[in-house]
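The next block is model21.txt, given as compact mmCIF, C-alpha atoms.
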# COMPACT_ATOMS: atom_id res chain seq x y z
CA VAL A 1235 0.00 0.00 0.00
CA THR A 1236 1.60 3.22 -1.13
CA ALA A 1237 0.88 6.70 0.21
CA PHE A 1238 -0.73 7.52 -3.14
CA SER A 1239 -3.23 4.66 -2.89
CA VAL A 1240 -4.27 5.81 0.61
CA TYR A 1241 -4.83 9.38 -0.62
CA ALA A 1242 -6.64 8.15 -3.72
CA VAL A 1243 -9.04 5.93 -1.78
CA VAL A 1244 -9.76 8.68 0.78
CA ALA A 1245 -10.37 11.11 -2.10
CA VAL A 1246 -12.88 8.75 -3.75
CA VAL A 1247 -14.62 8.13 -0.40
CA LEU A 1248 -14.98 11.89 0.17
CA PHE A 1249 -16.34 12.36 -3.34
CA VAL A 1250 -18.87 9.55 -3.01
CA LEU A 1251 -20.04 10.58 0.49
CA GLY A 1252 -20.56 14.13 -0.76
CA LEU A 1253 -22.46 12.87 -3.80
CA HIS A 1254 -24.76 10.66 -1.70
CA ARG A 1255 -25.57 13.50 0.66
CA LEU A 1256 -26.07 15.95 -2.21
CA VAL A 1257 -28.72 13.66 -3.71
CA THR A 1258 -30.55 12.64 -0.54
CA ASP A 1259 -30.47 15.67 1.79
CA PRO A 1260 -33.31 18.14 1.17
CA ASN A 1261 -31.58 20.90 3.17
CA LEU A 1262 -30.07 23.37 0.70
CA LEU A 1263 -27.22 24.45 2.99
CA ARG A 1264 -26.15 20.82 3.38
CA LYS A 1265 -26.35 20.39 -0.39
CA VAL A 1266 -23.91 23.29 -0.82
CA LEU A 1267 -21.62 21.77 1.82
CA SER A 1268 -21.88 18.36 0.10
CA VAL A 1269 -20.63 19.81 -3.17
CA ASN A 1270 -17.70 21.27 -1.22
CA VAL A 1271 -16.92 17.84 0.28
CA MET A 1272 -16.97 16.36 -3.24
CA GLY A 1273 -14.63 19.15 -4.33
CA ALA A 1274 -12.26 18.38 -1.43
CA GLY A 1275 -12.09 14.78 -2.73
CA VAL A 1276 -11.25 15.94 -6.24
CA PHE A 1277 -8.57 18.35 -5.00
CA LEU A 1278 -7.02 15.68 -2.77
CA LEU A 1279 -6.87 13.28 -5.72
CA LEU A 1280 -5.26 15.88 -8.00
CA VAL A 1281 -2.68 16.89 -5.41
CA ALA A 1282 -1.78 13.24 -4.72
CA THR A 1283 -1.73 12.37 -8.44
CA ALA A 1284 0.92 15.02 -9.06
CA TYR A 1285 3.36 13.20 -6.76
CA ARG A 1286 2.39 9.57 -7.38
CA ASN A 1287 5.64 8.64 -9.16
CA ARG A 1288 7.84 10.11 -6.40
CA ALA A 1289 9.79 12.27 -8.83
CA PRO A 1290 12.05 14.90 -7.20
CA LEU A 1291 9.43 17.57 -7.94
CA PRO A 1292 5.64 17.13 -8.07
CA ASP A 1293 3.90 17.78 -11.39
CA ALA A 1294 3.00 21.49 -11.44
CA VAL A 1295 0.04 21.20 -13.83
CA PRO A 1296 -2.36 19.30 -11.49
CA HIS A 1297 -1.32 21.62 -8.65
CA ALA A 1298 -2.17 24.69 -10.73
CA MET A 1299 -5.50 23.06 -11.62
CA VAL A 1300 -6.28 22.58 -7.91
CA LEU A 1301 -5.58 26.26 -7.27
CA THR A 1302 -7.94 27.20 -10.11
CA GLY A 1303 -10.50 24.68 -8.89
CA ILE A 1304 -10.52 26.06 -5.36
CA VAL A 1305 -11.30 29.56 -6.62
CA VAL A 1306 -14.11 28.25 -8.83
CA ALA A 1307 -15.48 26.20 -5.90
CA VAL A 1308 -15.45 29.28 -3.65
CA SER A 1309 -17.26 31.33 -6.33
CA MET A 1310 -19.85 28.60 -6.70
CA THR A 1311 -20.31 28.35 -2.93
CA GLY A 1312 -20.69 32.10 -2.49
CA PHE A 1313 -23.23 32.36 -5.30
CA SER A 1314 -25.18 29.32 -4.02
CA LEU A 1315 -25.36 30.83 -0.54
CA VAL A 1316 -26.69 34.13 -1.91
CA LEU A 1317 -29.29 32.15 -3.93
CA MET A 1318 -30.23 30.23 -0.80
CA ARG A 1319 -30.57 33.36 1.33
CA ARG A 1320 -32.72 34.91 -1.40
CA LEU A 1321 -35.01 31.87 -1.35
CA GLU A 1322 -35.10 32.10 2.43
CA ALA A 1323 -36.09 35.77 2.22
CA ALA A 1324 -38.89 34.91 -0.20
CA THR A 1325 -40.28 31.76 1.46
CA GLY A 1326 -38.68 31.62 4.92
CA LYS A 1327 -37.49 28.07 4.21
CA VAL A 1328 -34.31 26.38 3.03
CA VAL A 1329 -35.51 22.74 3.01
CA LEU A 1330 -36.85 21.46 -0.32
CA ASP A 1331 -39.59 19.19 1.11
CA GLU A 1332 -41.11 22.00 3.16
CA ILE A 1333 -41.04 24.37 0.20
CA GLU A 1334 -42.90 21.78 -1.92
CA GLU A 1335 -45.48 21.11 0.80
CA GLU A 1336 -46.36 24.77 0.92
CA GLU A 1337 -47.25 24.87 -2.79
CA VAL B 588 -39.47 14.39 6.29
CA LYS B 589 -38.21 10.83 6.39
CA GLY B 590 -41.04 9.10 4.53
CA PRO B 591 -40.83 6.06 2.24
CA ARG B 592 -39.73 8.35 -0.58
CA PHE B 593 -36.66 9.32 1.43
CA LEU B 594 -35.80 5.66 2.12
CA VAL B 595 -36.06 4.70 -1.55
CA ALA B 596 -33.95 7.70 -2.55
CA SER B 597 -31.33 6.85 0.08
CA LEU B 598 -31.19 3.25 -1.06
CA VAL B 599 -30.87 4.09 -4.75
CA SER B 600 -28.29 6.80 -4.05
CA GLY B 601 -26.37 4.59 -1.61
CA VAL B 602 -26.12 1.68 -4.06
CA GLY B 603 -25.32 4.02 -6.96
CA SER B 604 -22.66 5.93 -4.98
CA GLY B 605 -21.14 2.66 -3.75
CA PHE B 606 -20.89 1.34 -7.30
CA LEU B 607 -19.43 4.63 -8.56
CA GLY B 608 -16.94 4.64 -5.66
CA THR B 609 -15.78 1.11 -6.49
CA VAL B 610 -15.26 1.99 -10.15
CA LEU B 611 -13.40 5.20 -9.23
CA VAL B 612 -11.10 3.43 -6.73
CA TRP B 613 -10.29 0.84 -9.39
CA ALA B 614 -9.64 3.63 -11.90
CA VAL B 615 -7.32 5.75 -9.72
CA LEU B 616 -5.38 2.72 -8.47
CA SER B 617 -4.70 1.62 -12.04
CA LEU B 618 -3.06 4.97 -12.87
CA SER B 619 0.50 4.54 -14.05
CA THR B 620 3.14 5.39 -11.43
CA GLU B 621 5.93 5.50 -14.02
CA PRO B 622 7.86 8.77 -14.06
CA GLY B 623 6.32 11.03 -16.64
CA GLY B 624 3.56 13.56 -16.68
CA LEU B 625 4.25 17.18 -17.43
CA THR B 626 6.99 17.78 -14.83
CA ARG B 627 9.80 17.56 -17.40
CA PRO B 628 8.28 19.80 -20.12
CA VAL B 629 7.40 22.45 -17.50
CA LEU B 630 10.90 22.48 -15.98
CA ASP B 631 12.58 22.46 -19.42
CA ARG B 632 10.87 25.66 -20.50
CA LEU B 633 10.69 27.38 -17.11
CA ASP B 634 13.23 30.01 -18.23
CA GLU B 635 10.87 31.34 -20.90
CA THR B 636 8.10 32.18 -18.44
CA GLY B 637 9.89 34.89 -16.43
CA VAL B 638 9.19 33.20 -13.08
CA SER B 639 11.07 30.44 -11.28
CA HIS B 640 8.22 28.65 -9.50
CA PRO B 641 6.67 25.88 -11.65
CA VAL B 642 3.10 26.34 -10.36
CA THR B 643 3.15 30.09 -11.03
CA ALA B 644 4.70 29.37 -14.43
CA VAL B 645 1.78 27.06 -15.26
CA LEU B 646 -0.85 29.46 -13.87
CA LEU B 647 0.33 32.66 -15.53
CA GLY B 648 2.52 31.30 -18.32
CA PHE B 649 1.75 27.96 -19.94
CA ARG B 650 -1.94 27.85 -19.05
CA ALA B 651 -2.74 31.54 -18.57
CA TYR B 652 -6.06 31.11 -20.38
CA ASP B 653 -7.20 28.83 -17.53
CA THR B 654 -6.45 31.55 -15.02
CA LEU B 655 -8.06 34.25 -17.19
CA LEU B 656 -11.30 32.24 -17.35
CA GLU B 657 -11.10 31.54 -13.63
CA VAL B 658 -10.98 35.28 -12.96
CA VAL B 659 -14.01 35.64 -15.24
CA VAL B 660 -15.81 32.97 -13.18
CA LEU B 661 -15.13 34.97 -10.00
CA LEU B 662 -16.46 38.14 -11.63
CA ALA B 663 -19.50 36.27 -12.97
CA ALA B 664 -20.26 34.83 -9.51
CA VAL B 665 -20.15 38.20 -7.77
CA THR B 666 -22.11 39.86 -10.61
CA ALA B 667 -24.79 37.16 -10.45
CA ALA B 668 -24.93 37.50 -6.66
CA LEU B 669 -25.35 41.27 -6.97
CA ALA B 670 -28.07 40.73 -9.59
CA LEU B 671 -30.01 38.52 -7.16
CA LEU B 672 -30.60 41.37 -4.77
CA PRO B 673 -34.02 43.01 -5.25
CA SER B 674 -32.60 46.02 -7.11
CA PRO B 675 -30.42 44.55 -9.85
CA ASP B 676 -28.70 47.86 -10.56
CA VAL B 677 -25.12 47.56 -9.32
CA TYR B 678 -24.99 51.12 -8.00
CA SER B 679 -28.11 50.84 -5.89
CA VAL B 680 -26.88 47.50 -4.53
CA THR B 681 -23.51 48.85 -3.53
CA GLN B 682 -25.23 51.92 -2.12
CA ARG B 683 -27.42 49.62 -0.09
CA LEU B 684 -24.32 47.83 1.17
CA SER B 685 -22.69 51.09 2.11
CA ARG B 686 -25.86 52.65 3.59
CA ALA B 687 -26.67 49.77 5.91
CA ALA B 688 -26.13 50.77 9.51
CA PRO B 689 -23.03 49.31 11.17
CA PRO B 690 -23.67 46.06 13.06
CA PRO B 691 -23.66 46.36 16.85
CA PRO B 692 -20.05 46.53 18.09
CA GLU B 693 -18.78 42.97 18.47
CA VAL B 694 -16.25 43.58 21.21
CA VAL B 695 -14.43 40.24 20.96
CA ILE B 696 -14.32 40.15 17.16
CA GLY B 697 -13.33 43.81 17.12
CA HIS B 698 -10.32 43.18 19.36
CA LEU B 699 -9.48 40.00 17.45
CA ALA B 700 -9.58 41.92 14.17
CA GLY B 701 -7.34 44.61 15.67
CA LEU B 702 -4.80 41.93 16.59
CA LEU B 703 -5.05 39.70 13.51
CA VAL B 704 -5.65 42.04 10.59
CA PRO B 705 -2.21 43.73 10.68
CA VAL B 706 -0.59 40.29 10.76
CA MET B 707 -2.86 39.04 7.96
CA GLY B 708 -1.99 42.11 5.90
CA VAL B 709 1.73 41.37 6.23
CA VAL B 710 1.20 37.66 5.50
CA GLY B 711 -0.91 38.48 2.43
CA ILE B 712 1.66 40.84 0.96
CA TYR B 713 4.46 38.38 1.78
CA LEU B 714 2.57 35.54 0.02
CA LEU B 715 2.09 37.76 -3.03
CA ALA B 716 5.79 38.69 -3.10
CA LEU B 717 6.79 35.00 -2.80
CA GLY B 718 4.69 33.96 -5.78
CA THR B 719 7.28 34.26 -8.53
CA HIS B 720 9.83 31.93 -6.95
CA SER B 721 8.20 29.74 -4.28
CA PRO B 722 4.75 28.55 -3.15
CA GLY B 723 2.48 31.57 -2.82
CA GLY B 724 0.93 34.04 -5.20
CA ALA B 725 -2.18 36.03 -5.90
CA PHE B 726 -4.74 33.40 -4.89
CA GLN B 727 -3.23 32.65 -1.50
CA ALA B 728 -2.67 36.36 -0.87
CA GLY B 729 -6.20 37.21 -2.01
CA ALA B 730 -7.71 34.56 0.26
CA VAL B 731 -5.80 35.84 3.32
CA LEU B 732 -6.59 39.50 2.60
CA GLY B 733 -10.22 38.65 1.82
CA SER B 734 -10.55 36.94 5.21
CA ALA B 735 -8.98 40.00 6.82
CA ALA B 736 -11.62 42.19 5.14
CA VAL B 737 -14.42 39.90 6.39
CA LEU B 738 -12.95 40.05 9.91
CA LEU B 739 -12.88 43.85 9.70
CA GLU B 740 -16.54 43.94 8.61
CA LEU B 741 -17.54 41.67 11.50
CA GLY B 742 -15.61 43.87 13.91
CA GLY B 743 -17.46 46.97 12.71
CA TRP B 744 -14.78 48.43 10.40
CA ARG B 745 -16.58 49.04 7.13
CA PHE B 746 -13.59 48.44 4.90
CA VAL B 747 -15.45 46.91 1.93
CA SER B 748 -19.07 47.90 2.57
CA GLY B 749 -17.89 51.47 3.14
CA MET B 750 -16.34 51.69 -0.33
CA SER B 751 -18.02 54.04 -2.76
CA PRO B 752 -19.96 52.19 -5.50
CA ARG B 753 -17.46 53.29 -8.13
CA VAL B 754 -14.42 52.12 -6.16
CA LEU B 755 -16.16 48.82 -5.47
CA ALA B 756 -17.02 48.26 -9.15
CA VAL B 757 -13.45 49.13 -10.20
CA THR B 758 -11.82 46.80 -7.65
CA LEU B 759 -14.17 43.93 -8.56
CA GLY B 760 -13.38 44.29 -12.27
CA LEU B 761 -9.68 45.11 -11.88
CA ALA B 762 -8.35 41.56 -12.33
CA THR B 763 -10.39 40.80 -15.46
CA SER B 764 -9.52 44.16 -17.02
CA ALA B 765 -5.81 43.89 -16.24
CA PHE B 766 -5.68 40.29 -17.48
CA LEU B 767 -7.50 41.11 -20.73
CA ALA B 768 -5.26 44.12 -21.31
CA ALA B 769 -2.19 41.93 -20.75
CA ALA B 770 -3.62 39.26 -23.06
CA LEU B 771 -3.74 41.83 -25.87
CA LEU B 772 -0.06 42.76 -25.40
CA GLY B 773 0.96 39.68 -27.40
CA PRO B 774 -0.98 40.56 -30.59
CA LEU B 775 0.28 44.17 -30.27
CA VAL B 776 3.91 43.03 -30.67
CA GLY B 777 3.04 40.46 -33.34
CA ARG B 778 2.74 37.35 -31.16
CA GLU B 779 -0.19 35.21 -30.02
CA LEU B 780 -2.91 36.13 -27.53
CA LEU B 781 -1.82 35.62 -23.88
CA VAL B 782 1.87 35.47 -24.85
CA TRP B 783 3.78 38.02 -22.80
CA PRO B 784 6.23 40.29 -24.67
CA ALA B 785 9.77 38.89 -24.61
CA GLY B 786 11.80 40.16 -21.67
CA GLN B 787 8.77 41.71 -19.98
CA ALA B 788 7.18 38.46 -18.73
CA THR B 789 8.10 38.96 -15.06
CA ARG B 790 6.78 42.51 -15.07
CA VAL B 791 3.50 41.49 -16.73
CA ILE B 792 2.99 38.54 -14.37
CA VAL B 793 3.66 40.61 -11.23
CA THR B 794 1.24 43.31 -12.44
CA ILE B 795 -1.48 40.72 -13.12
CA GLU B 796 -0.86 39.14 -9.72
CA LEU B 797 -1.27 42.49 -7.97
CA ALA B 798 -4.59 43.12 -9.76
CA LEU B 799 -5.71 39.54 -9.04
CA THR B 800 -4.96 39.90 -5.33
CA VAL B 801 -7.03 43.08 -5.00
CA SER B 802 -10.00 41.69 -6.95
CA ILE B 803 -9.98 38.28 -5.27
CA ALA B 804 -9.85 39.78 -1.77
CA VAL B 805 -12.69 42.24 -2.46
CA THR B 806 -14.77 39.64 -4.36
CA LEU B 807 -14.58 37.19 -1.46
CA ALA B 808 -15.56 39.88 1.05
CA VAL B 809 -18.46 41.09 -1.15
CA LEU B 810 -19.76 37.52 -1.64
CA PHE B 811 -19.73 37.14 2.15
CA LEU B 812 -21.54 40.45 2.66
CA LEU B 813 -24.10 39.59 -0.02
CA ALA B 814 -24.80 36.19 1.54
CA THR B 815 -25.61 37.90 4.84
CA GLU B 816 -27.46 40.73 3.10
CA ALA B 817 -29.62 38.68 0.69
CA GLY B 818 -31.59 37.12 3.55
CA GLU B 819 -32.92 40.50 4.63
CA ALA B 820 -33.32 41.97 1.17
CA GLY B 821 -35.77 44.82 0.99
CA ASP B 822 -38.67 44.02 -1.30
CA ALA B 823 -39.00 40.28 -0.76
CA ASP B 824 -42.57 41.19 0.22
CA GLU B 825 -43.42 41.30 -3.48
CA LEU B 826 -42.43 37.66 -3.90
CA ALA B 827 -44.25 36.26 -0.90
CA PRO B 828 -46.80 38.50 0.82
CA GLY B 829 -46.68 36.41 4.00
CA ALA B 830 -42.91 36.48 4.24
CA LYS B 831 -42.71 39.60 6.38
CA THR B 832 -42.56 37.76 9.66
CA THR B 833 -40.84 34.54 8.58
CA PRO B 834 -38.19 33.23 10.97
CA GLY B 835 -35.45 33.46 8.35
CA ARG B 836 -35.82 37.19 7.92
CA GLN B 837 -35.99 37.79 11.62
CA ALA B 838 -32.91 35.70 12.24
CA GLY B 839 -31.06 37.36 9.39
CA ARG B 840 -31.75 40.83 10.69
CA ARG B 841 -30.93 39.94 14.26
CA HIS B 842 -27.63 38.47 13.13
CA ARG B 843 -26.45 41.60 11.35
CA GLY B 844 -28.37 44.02 13.49
CA LEU B 845 -29.49 45.93 10.41
CA PRO B 846 -32.45 48.27 10.87
CA ARG B 847 -34.84 48.40 7.94
CA ASP B 848 -34.43 51.47 5.81
CA PRO B 849 -38.00 52.74 5.44
CA GLY B 850 -37.16 54.47 2.16
CA SER B 851 -35.99 51.32 0.41
CA THR B 852 -39.02 49.13 1.01
CA SER B 853 -41.50 50.97 -1.17
Starting from the file, give its structure as C-alpha cells.
Amino acid sequence: VTAFSVYAVVAVVLFVLGLHRLVTDPNLLRKVLSVNVMGAGVFLLLVATAYRNRAPLPDAVPHAMVLTGIVVAVSMTGFSLVLMRRLEAATGKVVLDEIEEEE
Amino acid sequence: VKGPRFLVASLVSGVGSGFLGTVLVWAVLSLSTEPGGLTRPVLDRLDETGVSHPVTAVLLGFRAYDTLLEVVVLLAAVTAALALLPSPDVYSVTQRLSRAAPPPPEVVIGHLAGLLVPVMGVVGIYLLALGTHSPGGAFQAGAVLGSAAVLLELGGWRFVSGMSPRVLAVTLGLATSAFLAAALLGPLVGRELLVWPAGQATRVIVTIELALTVSIAVTLAVLFLLATEAGEAGDADELAPGAKTTPGRQAGRRHRGLPRDPGSTS
C-alpha cells in the first residue's frame, strides 16, 4: 500500500459521500456543503496524483489546476449561498420538502 | 421528512454511490506510477516564463487562459450575486451595502480583528511577493486579505461595505480588465494572444498578480456580505406576501443588526 493509494481511496470516499448526501439531503445548505466535500475529494486526488511517481518535484500542472479549482469552488459556494438566502427571504425556508409542501 | 420516498432515494443513491466509488477506486489505483507527466516539459521551459516557481509558471505562463477564465468565473459569480438582490442595478446595490447601519459593536471580534488584521496584511503581501519563486501568489494572498476584510466587517470596520460604488465596481473588475489588457499585449507586438512580450514576462505577471490579489480579496468579502445581506433583502414582500414575519428574515436581521431602511421598502 503506497501513500498515493491511501490518498486516492480517501479522495474517492470523500467524493462519493458528498455525492450521496447531495442527492438525498433536502436541506439546501447541506447540499452546498456536500458539493464542497466532493470538491475536497477531487482536489485531494489531483494533489496526490501530481506526486504519485515520487519524482524529485511534483507535477506542477495538477497543482495549478487545484488552485484554479478552489477559486471556482469558492465562487460557486458564495453564489449558491446568496441564492439560498434569497429563497429564504422569499419563502422563509431552506428545506426542499417544506417548500414543496407549501405549494 | 423521512417518509418512504426518502428511504427509496437513500437506497438508490447509496447503491449508486457505492458502485461509482468502487469503479473510481479501481480507476485511480490503475493509474501509471511511471515517471512522466508534465513535470519535465514544464521544468525544461521554465526560463521562458519569467518566473522560477513551476506552479506560477503554469498558472500565468503555460496555461494563462485557464487563469483568465477563472478570474471571469469569479467576476461572474459576484455579478450574479449582486443581480439577485431586489434592485439589480449595481450602484443601488452597492449603495445599499454602504448605507446599511453598522452592526452592533462585536467587542471580541473587534479586538481580534485589531490583533489579527495587521498580521494578515503582512502575511498576504508576503505571500504575493513570494509567488514568482516559491509557493504563494495572488490566490493565496487574495484569500488571506479577503478573510482580513471579512474580519474587519464583523468587527465593525466598514472596509469593503464602506467603499463608494465606483471604487467597489473598479476593484471587482480590476483583475479581469488587467488580465484582458495583458492578453492583448501579445498581438500588439506580433505574437499570439496571452503570450507576454519577450523580456517583460516577469513585469506582466507581477502586475497581473497584484490586480488579481485586490480583486480576489474584495470579491470574497463582497460575496460574504451579499450572503448575509440577501436574507434580509428589501422588497421580498413582493415575492411572498406572508414572508414579512418569517423566521429566516428575523434571524437574518438579528444576526447583522441591520435596521430596515423605510425608504428602500416601497
Cut-off 8 Å around (-20.7, 14.3, -0.3) with all atoms listed in the file: residues as number ranges by chain | A: 1248-1256, 1267-1272
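For the choices B:Gly608, B:Gly718, B:Gly648, B:Pro705, the atom-to-atom distance to chain A is smallest for B:Gly608 when using all atoms listed in the file.
With all atoms listed in the file taken into account, the protein and nucleic acid residues at most 8 Å from Val1305 in chain A (excluding it and anything under 3 positions from it in its own chain) are A:Leu1301, A:Thr1302, A:Val1308, A:Ser1309, B:Glu657, B:Leu661, B:Phe726.
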Distance of CA of Val704 in chain B from CA of Leu739 in chain B, expressed in Å to one decimal place | 7.5 Å
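With all atoms listed in the file as the basis for measurement, A:Val1316 is the residue among A:Val1316, A:Leu1321, A:Leu1330, A:Val1240 that approaches chain B most closely.
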Give one line per residue of chain A that approaches chain B to at most 6 Å, naming the two atoms of the closest pair and their distance in Å to one decimal, counting only C-alpha atoms; sort by chain then ascending residue number and deliver it as CSV.
residue,atom,partner,partner_atom,distance
A:Val1243,CA,B:Val612,CA,5.9
A:Val1250,CA,B:Ser604,CA,5.6
A:His1254,CA,B:Ser600,CA,5.7
A:Thr1258,CA,B:Ser597,CA,5.9
A:Arg1286,CA,B:Thr620,CA,5.9
A:Asn1287,CA,B:Thr620,CA,4.7
A:Asp1293,CA,B:Thr626,CA,4.6
A:Ala1294,CA,B:Val642,CA,5.0
A:Ala1298,CA,B:Val642,CA,5.5
A:Ser1309,CA,B:Leu661,CA,5.6
A:Gly1312,CA,B:Leu810,CA,5.6
A:Phe1313,CA,B:Ala668,CA,5.6
A:Leu1315,CA,B:Ala814,CA,5.8
A:Val1316,CA,B:Ala814,CA,4.4
A:Arg1319,CA,B:Gly818,CA,4.5
A:Arg1320,CA,B:Ala817,CA,5.3
A:Ala1323,CA,B:Gly818,CA,4.9
A:Ala1324,CA,B:Ala823,CA,5.4
A:Gly1326,CA,B:Gly835,CA,5.1
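For the pair CA of Ala670 in chain B and CA of Ala725 in chain B, the separation is 26.6 Å.
The smallest atom-to-atom distance between Ala1274 in chain A and any of A:Pro1296, A:Phe1238, A:Ile1304, A:Val1329, using only C-alpha atoms, is found for A:Ile1304.
Using only C-alpha atoms, the shortest contact distance between Arg1264 in chain A and any of A:Ala1289, A:Met1318, A:Tyr1241, A:Leu1278 is found at A:Met1318.
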